[in-house]
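File shown: coords28.txt. Contents: compact mmCIF, C-alpha atoms and all ligand atoms.
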```
# COMPACT_ATOMS: atom_id res chain seq x y z
CA MET S 226 10.56 -0.34 -31.59
CA HIS S 227 7.33 -1.93 -30.45
CA ILE S 228 4.26 -0.51 -28.71
CA GLU S 229 2.01 -2.72 -26.56
CA THR S 230 -1.54 -1.46 -26.81
CA ASP S 231 -3.32 -3.69 -24.23
CA PRO S 232 -4.49 -1.62 -21.28
CA LYS S 233 -2.01 -1.80 -18.37
CA LEU S 234 -3.50 -0.73 -15.08
CA ASP S 235 -2.46 0.68 -11.73
CA PHE S 236 -4.43 0.37 -8.49
CA LYS S 237 -5.98 3.79 -9.07
CA ASP S 238 -7.36 2.72 -12.49
CA VAL S 239 -9.79 0.15 -11.04
CA LEU S 240 -12.42 -0.45 -8.40
CA ILE S 241 -13.75 -3.78 -7.18
CA ARG S 242 -17.37 -4.51 -8.08
CA PRO S 243 -19.57 -5.66 -5.17
CA LYS S 244 -21.22 -9.10 -5.47
CA ARG S 245 -24.21 -10.73 -3.84
CA SER S 246 -23.27 -12.85 -0.87
CA THR S 247 -24.66 -14.58 2.17
CA LEU S 248 -21.86 -13.34 4.43
CA GLY S 249 -23.33 -11.68 7.50
CA SER S 250 -20.45 -9.83 9.08
CA ARG S 251 -16.87 -8.88 8.42
CA ALA S 252 -16.01 -10.87 11.56
CA ASP S 253 -16.94 -14.03 9.57
CA VAL S 254 -14.05 -13.65 7.13
CA ASP S 255 -10.57 -15.10 7.50
CA VAL S 256 -7.64 -12.97 6.29
CA THR S 257 -5.00 -15.62 6.91
CA ARG S 258 -3.64 -18.02 4.34
CA THR S 259 -1.80 -21.31 4.49
CA LEU S 260 0.71 -21.44 1.68
CA LYS S 261 2.87 -24.36 0.60
CA PHE S 262 6.09 -23.33 -1.12
CA VAL S 263 7.12 -24.96 -4.35
CA HIS S 264 10.81 -25.66 -3.71
CA THR S 265 10.81 -26.51 -0.02
CA GLY S 266 7.35 -28.00 0.43
CA ALA S 267 7.27 -25.98 3.67
CA GLU S 268 3.96 -24.52 4.83
CA TRP S 269 3.37 -21.09 6.33
CA THR S 270 0.17 -19.75 7.86
CA GLY S 271 -0.45 -16.09 8.61
CA PHE S 272 -1.65 -12.75 7.28
CA PRO S 273 0.46 -12.36 4.11
CA LEU S 274 1.51 -8.75 4.50
CA ILE S 275 5.24 -7.94 4.57
CA ALA S 276 6.98 -4.79 5.83
CA SER S 277 9.52 -3.82 3.18
CA ASN S 278 13.24 -4.41 3.64
CA MET S 279 13.87 -0.67 3.83
CA ASP S 280 15.96 0.46 6.81
CA THR S 281 13.10 2.70 7.96
CA VAL S 282 10.38 0.00 8.15
CA GLY S 283 12.11 -3.41 7.91
CA THR S 284 13.12 -3.32 11.59
CA PHE S 285 13.25 -5.74 14.53
CA ALA S 286 10.65 -3.58 16.33
CA MET S 287 8.32 -3.81 13.32
CA ALA S 288 8.66 -7.62 13.33
CA ARG S 289 7.66 -7.74 17.00
CA SER S 290 4.60 -5.51 16.46
CA LEU S 291 3.41 -7.28 13.29
CA ALA S 292 3.75 -10.76 14.81
CA PRO S 293 0.40 -10.57 16.71
CA PHE S 294 -1.29 -9.90 13.34
CA GLY S 295 0.45 -12.94 11.82
CA ALA S 296 2.15 -10.51 9.38
CA MET S 297 5.75 -10.55 8.21
CA VAL S 298 8.83 -8.35 7.97
CA ALA S 299 11.70 -8.41 5.50
CA LEU S 300 14.58 -7.10 7.61
CA HIS S 301 16.78 -4.46 6.02
CA LYS S 302 20.24 -5.69 5.10
CA HIS S 303 22.25 -3.27 7.25
CA TYR S 304 21.88 -5.08 10.58
CA ASP S 305 25.16 -6.67 11.64
CA ALA S 306 25.55 -10.45 11.83
CA ASP S 307 25.52 -10.67 15.66
CA ALA S 308 22.30 -8.65 15.93
CA LEU S 309 20.69 -10.87 13.28
CA VAL S 310 21.76 -14.06 15.06
CA GLU S 311 20.26 -12.82 18.34
CA PHE S 312 17.06 -11.85 16.57
CA PHE S 313 16.60 -15.12 14.65
CA LYS S 314 16.67 -17.06 17.91
CA ALA S 315 13.25 -15.51 18.67
CA GLU S 316 9.99 -17.38 18.19
CA LEU S 317 8.66 -14.91 15.60
CA ALA S 318 11.49 -15.72 13.14
CA ALA S 319 9.08 -17.84 11.05
CA ASN S 320 7.48 -14.56 9.96
CA VAL S 321 10.75 -12.89 9.04
CA PHE S 322 12.70 -12.72 5.79
CA TYR S 323 16.46 -12.21 5.89
CA ALA S 324 17.01 -9.80 2.99
CA ILE S 325 20.16 -9.63 0.88
CA GLY S 326 21.44 -8.05 -2.30
CA THR S 327 23.67 -9.94 -4.71
CA THR S 328 27.18 -9.01 -3.60
CA ARG S 329 29.68 -11.60 -2.35
CA ASP S 330 29.61 -9.84 1.05
CA ASP S 331 25.82 -10.31 1.23
CA LEU S 332 26.16 -14.02 0.42
CA ASP S 333 29.02 -14.55 2.88
CA LYS S 334 27.12 -12.80 5.69
CA LEU S 335 24.03 -14.94 5.00
CA ALA S 336 26.13 -18.12 5.16
CA ALA S 337 27.77 -16.98 8.41
CA VAL S 338 24.41 -16.19 10.04
CA ARG S 339 22.81 -19.42 8.82
CA ALA S 340 25.71 -21.40 10.23
CA ARG S 341 24.80 -20.06 13.69
CA VAL S 342 21.01 -19.88 13.66
CA PRO S 343 18.15 -21.20 11.52
CA VAL S 344 16.85 -18.69 8.96
CA THR S 345 13.84 -20.12 7.17
CA LYS S 346 13.07 -17.28 4.74
CA ILE S 347 15.41 -15.34 2.46
CA CYS S 348 14.57 -12.33 0.28
CA ILE S 349 16.99 -11.61 -2.58
CA ASP S 350 16.25 -8.06 -3.60
CA VAL S 351 17.66 -5.98 -6.43
CA ALA S 352 16.20 -2.98 -8.24
CA ASN S 353 16.48 -4.70 -11.63
CA GLY S 354 15.66 -8.40 -11.54
CA TYR S 355 16.33 -8.84 -15.27
CA SER S 356 20.10 -9.31 -15.11
CA GLN S 357 21.79 -12.65 -15.74
CA HIS S 358 23.88 -12.12 -12.60
CA PHE S 359 20.70 -11.93 -10.50
CA LEU S 360 19.40 -15.23 -11.91
CA GLU S 361 22.79 -16.82 -11.17
CA VAL S 362 22.66 -15.59 -7.56
CA VAL S 363 19.12 -16.96 -7.11
CA THR S 364 20.34 -20.31 -8.45
CA GLU S 365 23.35 -20.27 -6.10
CA VAL S 366 21.28 -19.30 -3.03
CA ARG S 367 18.81 -22.10 -3.82
CA GLU S 368 21.63 -24.65 -4.18
CA LYS S 369 23.24 -23.62 -0.90
CA ASN S 370 19.97 -23.27 1.03
CA PRO S 371 17.68 -26.07 -0.17
CA ASP S 372 15.53 -25.82 2.97
CA ALA S 373 14.86 -22.04 2.86
CA VAL S 374 11.86 -20.29 1.34
CA ILE S 375 13.30 -17.82 -1.18
CA MET S 376 11.60 -14.64 -2.39
CA ALA S 377 13.35 -12.88 -5.30
CA GLY S 378 12.79 -9.77 -7.42
CA ALA S 379 12.00 -7.22 -8.53
CA ILE S 380 10.44 -8.06 -11.85
CA VAL S 381 7.17 -7.15 -13.61
CA THR S 382 6.57 -9.66 -16.39
CA GLY S 383 5.41 -13.25 -16.62
CA GLU S 384 8.42 -14.69 -18.44
CA MET S 385 10.78 -13.37 -15.75
CA ALA S 386 8.49 -14.69 -12.99
CA GLU S 387 8.80 -18.14 -14.60
CA ALA S 388 12.58 -17.83 -14.96
CA LEU S 389 12.99 -16.94 -11.29
CA ILE S 390 10.80 -19.79 -10.08
CA LEU S 391 12.65 -22.24 -12.29
CA ALA S 392 15.95 -20.88 -10.91
CA GLY S 393 14.85 -21.59 -7.35
CA ALA S 394 12.58 -18.80 -6.07
CA ASP S 395 9.40 -19.82 -4.23
CA ILE S 396 7.99 -16.29 -4.34
CA VAL S 397 8.61 -13.63 -6.98
CA LYS S 398 8.63 -10.01 -5.87
CA VAL S 399 6.74 -7.88 -8.39
CA GLY S 400 7.12 -4.12 -8.81
CA ILE S 401 9.52 -1.83 -10.66
CA GLY S 402 9.10 1.88 -10.25
CA SER S 403 5.97 1.47 -8.16
CA GLY S 404 7.35 2.55 -4.77
CA SER S 405 6.22 5.75 -3.05
CA VAL S 406 9.79 7.04 -2.66
CA CYS S 407 11.08 5.54 -5.88
CA THR S 408 12.09 7.80 -8.77
CA THR S 409 12.97 5.07 -11.29
CA ARG S 410 10.10 5.93 -13.64
CA ASP S 411 11.04 9.64 -13.68
CA LEU S 412 14.74 9.01 -14.03
CA THR S 413 14.78 6.11 -16.49
CA GLY S 414 11.33 5.91 -18.06
CA VAL S 415 11.22 2.21 -17.03
CA GLY S 416 8.33 0.62 -15.13
CA TYR S 417 5.04 -1.25 -15.40
CA PRO S 418 1.62 -0.40 -13.94
CA GLN S 419 1.46 -2.39 -10.72
CA LEU S 420 -1.99 -4.01 -10.93
CA SER S 421 -1.28 -5.42 -14.41
CA ALA S 422 2.19 -6.53 -13.34
CA VAL S 423 0.66 -8.51 -10.46
CA ILE S 424 -2.08 -10.05 -12.63
CA GLU S 425 0.39 -11.14 -15.31
CA CYS S 426 3.09 -12.39 -12.92
CA ALA S 427 0.56 -14.23 -10.73
CA ASP S 428 -0.75 -16.01 -13.78
CA ALA S 429 2.75 -17.14 -14.75
CA ALA S 430 3.94 -17.98 -11.22
CA HIS S 431 0.82 -19.88 -10.20
CA GLY S 432 1.16 -22.04 -13.31
CA LEU S 433 4.43 -23.29 -11.82
CA ARG S 434 3.01 -23.53 -8.26
CA GLY S 435 5.05 -20.46 -7.28
CA HIS S 436 3.80 -17.42 -5.40
CA VAL S 437 3.79 -13.69 -5.97
CA CYS S 438 4.45 -10.72 -3.71
CA SER S 439 3.14 -7.34 -4.89
CA ASP S 440 5.77 -4.79 -3.86
CA GLY S 441 5.13 -1.05 -3.84
CA GLY S 442 2.40 1.32 -4.88
CA CYS S 443 -0.14 0.73 -2.10
CA THR S 444 -1.11 4.05 -0.55
CA VAL S 445 -4.43 3.16 1.14
CA PRO S 446 -5.93 -0.09 2.53
CA GLY S 447 -8.10 -0.38 -0.62
CA ASP S 448 -4.91 -0.78 -2.70
CA VAL S 449 -3.90 -3.75 -0.53
CA ALA S 450 -7.36 -5.25 -1.18
CA LYS S 451 -6.90 -4.67 -4.94
CA ALA S 452 -3.45 -6.33 -4.89
CA PHE S 453 -4.92 -9.46 -3.29
CA GLY S 454 -7.81 -9.28 -5.78
CA ALA S 455 -5.29 -9.20 -8.63
CA GLY S 456 -3.79 -12.49 -7.43
CA ALA S 457 -0.97 -11.41 -5.09
CA ASP S 458 -0.23 -14.05 -2.45
CA PHE S 459 1.72 -11.48 -0.41
CA VAL S 460 1.67 -7.68 -0.34
CA MET S 461 4.78 -5.71 0.64
CA LEU S 462 4.43 -2.21 2.09
CA GLY S 463 6.93 0.59 2.65
CA GLY S 464 5.23 3.98 2.83
CA MET S 465 2.01 2.74 4.44
CA LEU S 466 4.05 1.42 7.38
CA ALA S 467 6.34 4.47 7.64
CA GLY S 468 6.01 7.11 10.36
CA HIS S 469 5.33 4.66 13.22
CA ASP S 470 7.02 4.07 16.56
CA GLU S 471 8.53 0.84 15.19
CA CYS S 472 10.33 2.71 12.39
CA GLU S 473 13.90 3.95 12.31
CA GLY S 474 14.70 7.43 11.03
CA THR S 475 14.90 11.02 12.19
CA VAL S 476 11.82 12.24 14.03
CA LYS S 477 10.68 15.88 13.75
CA TYR S 478 9.18 17.38 16.92
CA ALA S 479 6.93 20.41 17.53
CA GLU S 480 6.13 22.33 20.73
CA GLU S 481 2.58 21.76 21.96
CA ASN S 482 1.49 23.25 25.29
CA GLY S 483 5.11 23.46 26.37
CA ARG S 484 5.72 19.79 25.44
CA LYS S 485 7.78 18.35 22.60
CA VAL S 486 5.56 16.07 20.49
CA PRO S 487 6.56 14.04 17.40
CA VAL S 488 4.90 15.32 14.21
CA ALA S 489 6.81 13.78 11.32
CA MET S 490 9.40 11.13 10.45
CA GLU S 491 11.91 10.85 7.67
CA PHE S 492 11.24 8.13 5.09
CA TYR S 493 13.55 7.50 2.15
CA GLY S 494 14.22 5.11 -0.71
CA MET S 495 17.03 2.59 -0.31
CA SER S 496 18.81 4.09 -3.30
CA SER S 497 18.15 7.71 -2.32
CA ASP S 498 20.98 10.14 -1.54
CA THR S 499 20.07 9.76 2.15
CA ALA S 500 20.54 5.95 2.17
CA MET S 501 23.59 6.02 -0.11
CA THR S 502 25.31 8.60 2.07
CA LYS S 503 24.42 6.73 5.27
CA TYR S 504 25.77 3.35 4.14
CA TYR S 505 28.22 3.99 1.30
CA GLY S 506 29.42 7.55 1.89
CA GLY S 507 27.52 8.92 -1.15
CA VAL S 508 26.13 7.98 -4.55
CA ALA S 509 28.81 6.38 -6.79
CA ASN S 510 29.63 8.69 -9.69
CA TYR S 511 28.53 6.21 -12.40
CA ARG S 512 24.97 6.07 -11.07
CA ALA S 513 22.15 8.41 -10.09
CA SER S 514 19.98 8.17 -7.03
CA GLU S 515 16.69 6.37 -7.83
CA GLY S 516 14.94 7.23 -4.60
CA LYS S 517 13.84 10.30 -2.73
CA THR S 518 13.56 11.44 0.88
CA VAL S 519 10.23 12.62 2.27
CA GLN S 520 8.70 13.53 5.62
CA VAL S 521 5.67 11.43 6.56
CA PRO S 522 3.26 12.34 9.37
CA TYR S 523 4.02 10.66 12.70
CA ARG S 524 1.32 8.02 13.29
CA GLY S 525 2.10 6.38 16.64
CA PRO S 526 2.15 2.58 17.06
CA VAL S 527 1.76 0.53 13.86
CA LYS S 528 -1.06 -1.46 15.47
CA GLY S 529 -3.62 1.24 14.50
CA THR S 530 -2.56 1.18 10.84
CA MET S 531 -2.61 -2.64 10.80
CA GLN S 532 -6.15 -2.61 12.17
CA GLU S 533 -7.16 -0.22 9.38
CA ILE S 534 -5.59 -2.48 6.74
CA THR S 535 -7.15 -5.69 8.07
CA GLY S 536 -10.46 -3.87 8.62
CA GLY S 537 -10.48 -2.62 5.01
CA LEU S 538 -9.66 -6.07 3.70
CA ARG S 539 -12.34 -7.77 5.80
CA SER S 540 -14.92 -5.28 4.59
CA MET S 541 -13.88 -5.77 0.94
CA MET S 542 -14.24 -9.54 1.45
CA THR S 543 -17.81 -9.11 2.70
CA TYR S 544 -18.59 -6.86 -0.31
CA ILE S 545 -17.51 -9.61 -2.72
CA GLY S 546 -18.64 -12.59 -0.66
CA ALA S 547 -15.22 -14.13 0.00
CA THR S 548 -15.02 -16.04 3.28
CA ARG S 549 -11.29 -16.73 2.99
CA LEU S 550 -8.45 -14.65 1.55
CA LYS S 551 -7.66 -17.50 -0.85
CA GLU S 552 -11.07 -16.98 -2.54
CA VAL S 553 -10.52 -13.26 -3.14
CA PRO S 554 -8.99 -13.36 -6.66
CA LYS S 555 -11.69 -15.77 -7.87
CA ARG S 556 -14.43 -13.45 -6.61
CA THR S 557 -12.82 -10.21 -7.80
CA THR S 558 -14.18 -8.32 -10.77
CA PHE S 559 -12.36 -5.07 -11.43
CA VAL S 560 -14.14 -2.15 -13.05
CA MET S 561 -11.90 0.24 -14.90
CA VAL S 562 -12.37 3.87 -13.96
CA GLY S 563 -11.16 7.16 -15.44
CA ALA S 564 -9.94 7.06 -19.04
CA GLN S 565 -10.90 3.39 -19.47
CA ARG S 566 -14.27 3.88 -17.78
CA ASN S 567 -17.03 1.27 -17.88
CA THR S 568 -14.88 -1.64 -18.94
CA VAL S 569 -15.22 -4.67 -16.68
CA PHE S 570 -12.86 -7.56 -16.42
CA ASP S 571 -12.73 -10.62 -14.22
CA ARG S 572 -9.59 -12.03 -12.70
P1 LIG S 601 5.85 1.68 -1.15
O1 LIG S 601 5.08 0.69 -0.34
O2 LIG S 601 6.50 2.74 -0.32
O3 LIG S 601 5.03 2.26 -2.27
O4 LIG S 601 7.00 0.87 -1.89
C1 LIG S 601 7.98 0.15 -1.19
C2 LIG S 601 8.95 -0.46 -2.18
O5 LIG S 601 9.65 0.55 -2.92
C3 LIG S 601 10.07 -1.23 -1.55
O6 LIG S 601 9.67 -2.49 -1.07
C4 LIG S 601 11.09 -1.31 -2.67
O7 LIG S 601 10.83 -2.36 -3.57
C5 LIG S 601 10.88 0.01 -3.40
N1 LIG S 601 11.95 0.96 -3.08
C6 LIG S 601 12.43 1.29 -1.87
N2 LIG S 601 13.41 2.22 -1.96
C7 LIG S 601 13.57 2.46 -3.27
C8 LIG S 601 14.45 3.32 -4.02
O8 LIG S 601 15.26 4.09 -3.49
N3 LIG S 601 14.33 3.26 -5.37
C9 LIG S 601 13.44 2.43 -5.99
N4 LIG S 601 13.42 2.42 -7.33
N5 LIG S 601 12.57 1.64 -5.32
C10 LIG S 601 12.65 1.66 -3.98
```
Could you take the file, read its structure, and then write that structure out as structure tokens?
Amino acid sequence: MHIETDPKLDFKDVLIRPKRSTLGSRADVDVTRTLKFVHTGAEWTGFPLIASNMDTVGTFAMARSLAPFGAMVALHKHYDADALVEFFKAELAANVFYAIGTTRDDLDKLAAVRARVPVTKICIDVANGYSQHFLEVVTEVREKNPDAVIMAGAIVTGEMAEALILAGADIVKVGIGSGSVCTTRDLTGVGYPQLSAVIECADAAHGLRGHVCSDGGCTVPGDVAKAFGAGADFVMLGGMLAGHDECEGTVKYAEENGRKVPVAMEFYGMSSDTAMTKYYGGVANYRASEGKTVQVPYRGPVKGTMQEITGGLRSMMTYIGATRLKEVPKRTTFVMVGAQRNTVFDR
């Protein structure tokens, strides 16, 4: 048994220290990035925020509404092949990841869709990115799709970030147990504080010219700002994008002045009882559900939430004097709060 005693931090354990700057207004900052991917050499420009590949938020409608912000969607894997083919013919496909698991069915469906329509970005997503089988699938998907940008995870440590990039991933997806409807930490005791996971994985991935996506754990726009400050090239959101018109899931209505108005929406983990029952007829008896089902307040169109997120990020950038999103990690100094109070560390 071994105990690591270095501090490992979550978003809530830090704040970002303001810095002197000559920036006049938050309108002067640029929240887009142009990224060049290590395996394909392809470039992408946009606002590097990704709606999670959960069936509640990783929807076609979400992709259409995030496109004007330059943001991305990882589509959930339960759309059928014909619907995916139709969708990937659209202009906004450059901002969309086709998400898969690691089953033979997933790989066959991907091949069938790619034979009919170009898919430029693939997300290979499993709960535990530490298995040998997962690495083998990443290697296989890279071999069969040399021209596609591949994001793969989830992992939380530098050595696994390196292994995935060397196996063919352009972007590593970082976060185990960090999700708002995830119960992995309670059920298994496994996890890693998200901010530290991002810092450590970004360090490893950037050394190999790979990129990092922070997945899970953001509950307010300030957490998105902290994830970028920690070195994330992309930030993936589930819960913060739930409860909107673009989401799928049961809506709860209330009577108001004789009218039925939406007040809440169902949001659930992809390995919750709700998802397992919907897609597989229940949770297999050798496993336990590692996700929960919650009701989130209904919040109307996602545009309002996106404006809050970009507004928070722009403001943070003026506080630290970063003109471009790319400069944010270099200009970020986190201050530890709470138990670790008064300790300062630079990215
Ligand atoms: P959030 O932004 O809601 O905090 O986190 C979203 C992330 O939670 C997803 O992108 C995914 O990685 C993770 N997640 C989604 N459903 C489940 C689940 O049922 N179990 C676990 N362990 N993680 C989940």
For ligand LIG 601 (chain S), collect every residue having any atom at a distance of at most 7 Å from a ligand atom (counting all atoms listed in the file); output as a VMD selection string. chain S and resid 277 to 279 352 400 to 409 440 to 444 461 to 465 493 to 497 515 to 517
With only C-alpha atoms counted and 12 Å as the cut-off, give the residues of segment 261-371 of chain S in contact with segment 543-553 of chain S, each with its shortest interatomic distance in Å and the pair that gives it, as a tab-separated table.
```
residue	atom	partner	partner_atom	distance
S:Thr270	CA	S:Leu550	CA	11.8
S:Gly271	CA	S:Leu550	CA	10.8
S:Phe272	CA	S:Leu550	CA	9.1
S:Pro273	CA	S:Leu550	CA	9.5
S:Leu274	CA	S:Leu550	CA	11.9
```
Produce a file of the selected residues containing C-alpha atoms, as a PDB file, in the frame of the given file.
```pdb
ATOM      1  CA  THR S 270       0.170 -19.750   7.860  1.00  0.00           C
ATOM      2  CA  GLY S 271      -0.450 -16.090   8.610  1.00  0.00           C
ATOM      3  CA  PHE S 272      -1.650 -12.750   7.280  1.00  0.00           C
ATOM      4  CA  PRO S 273       0.460 -12.360   4.110  1.00  0.00           C
ATOM      5  CA  LEU S 274       1.510  -8.750   4.500  1.00  0.00           C
TER       6      LEU S 274
END
```
Residues within 9 Å of segment 428-432 of chain S, all atoms listed in the file, excluding chain neighbours under 6 positions, as a ChimeraX atom specification: /S:382-387,390,396-397,456
Among the residues S:Thr247, S:Ser439, S:Thr413, S:Thr530, the one that comes closest to Phe453 of chain S [using all atoms listed in the file]: S:Ser439
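Atom CA of Ala379 of chain S is positioned 13.3 Å from atom CA of Gln357 of chain S.
Candidate residues S:Val342, S:Cys426, S:Leu260, S:Val362 were compared for distance to Ile325 of chain S, and the nearest is S:Val362, using only C-alpha atoms.
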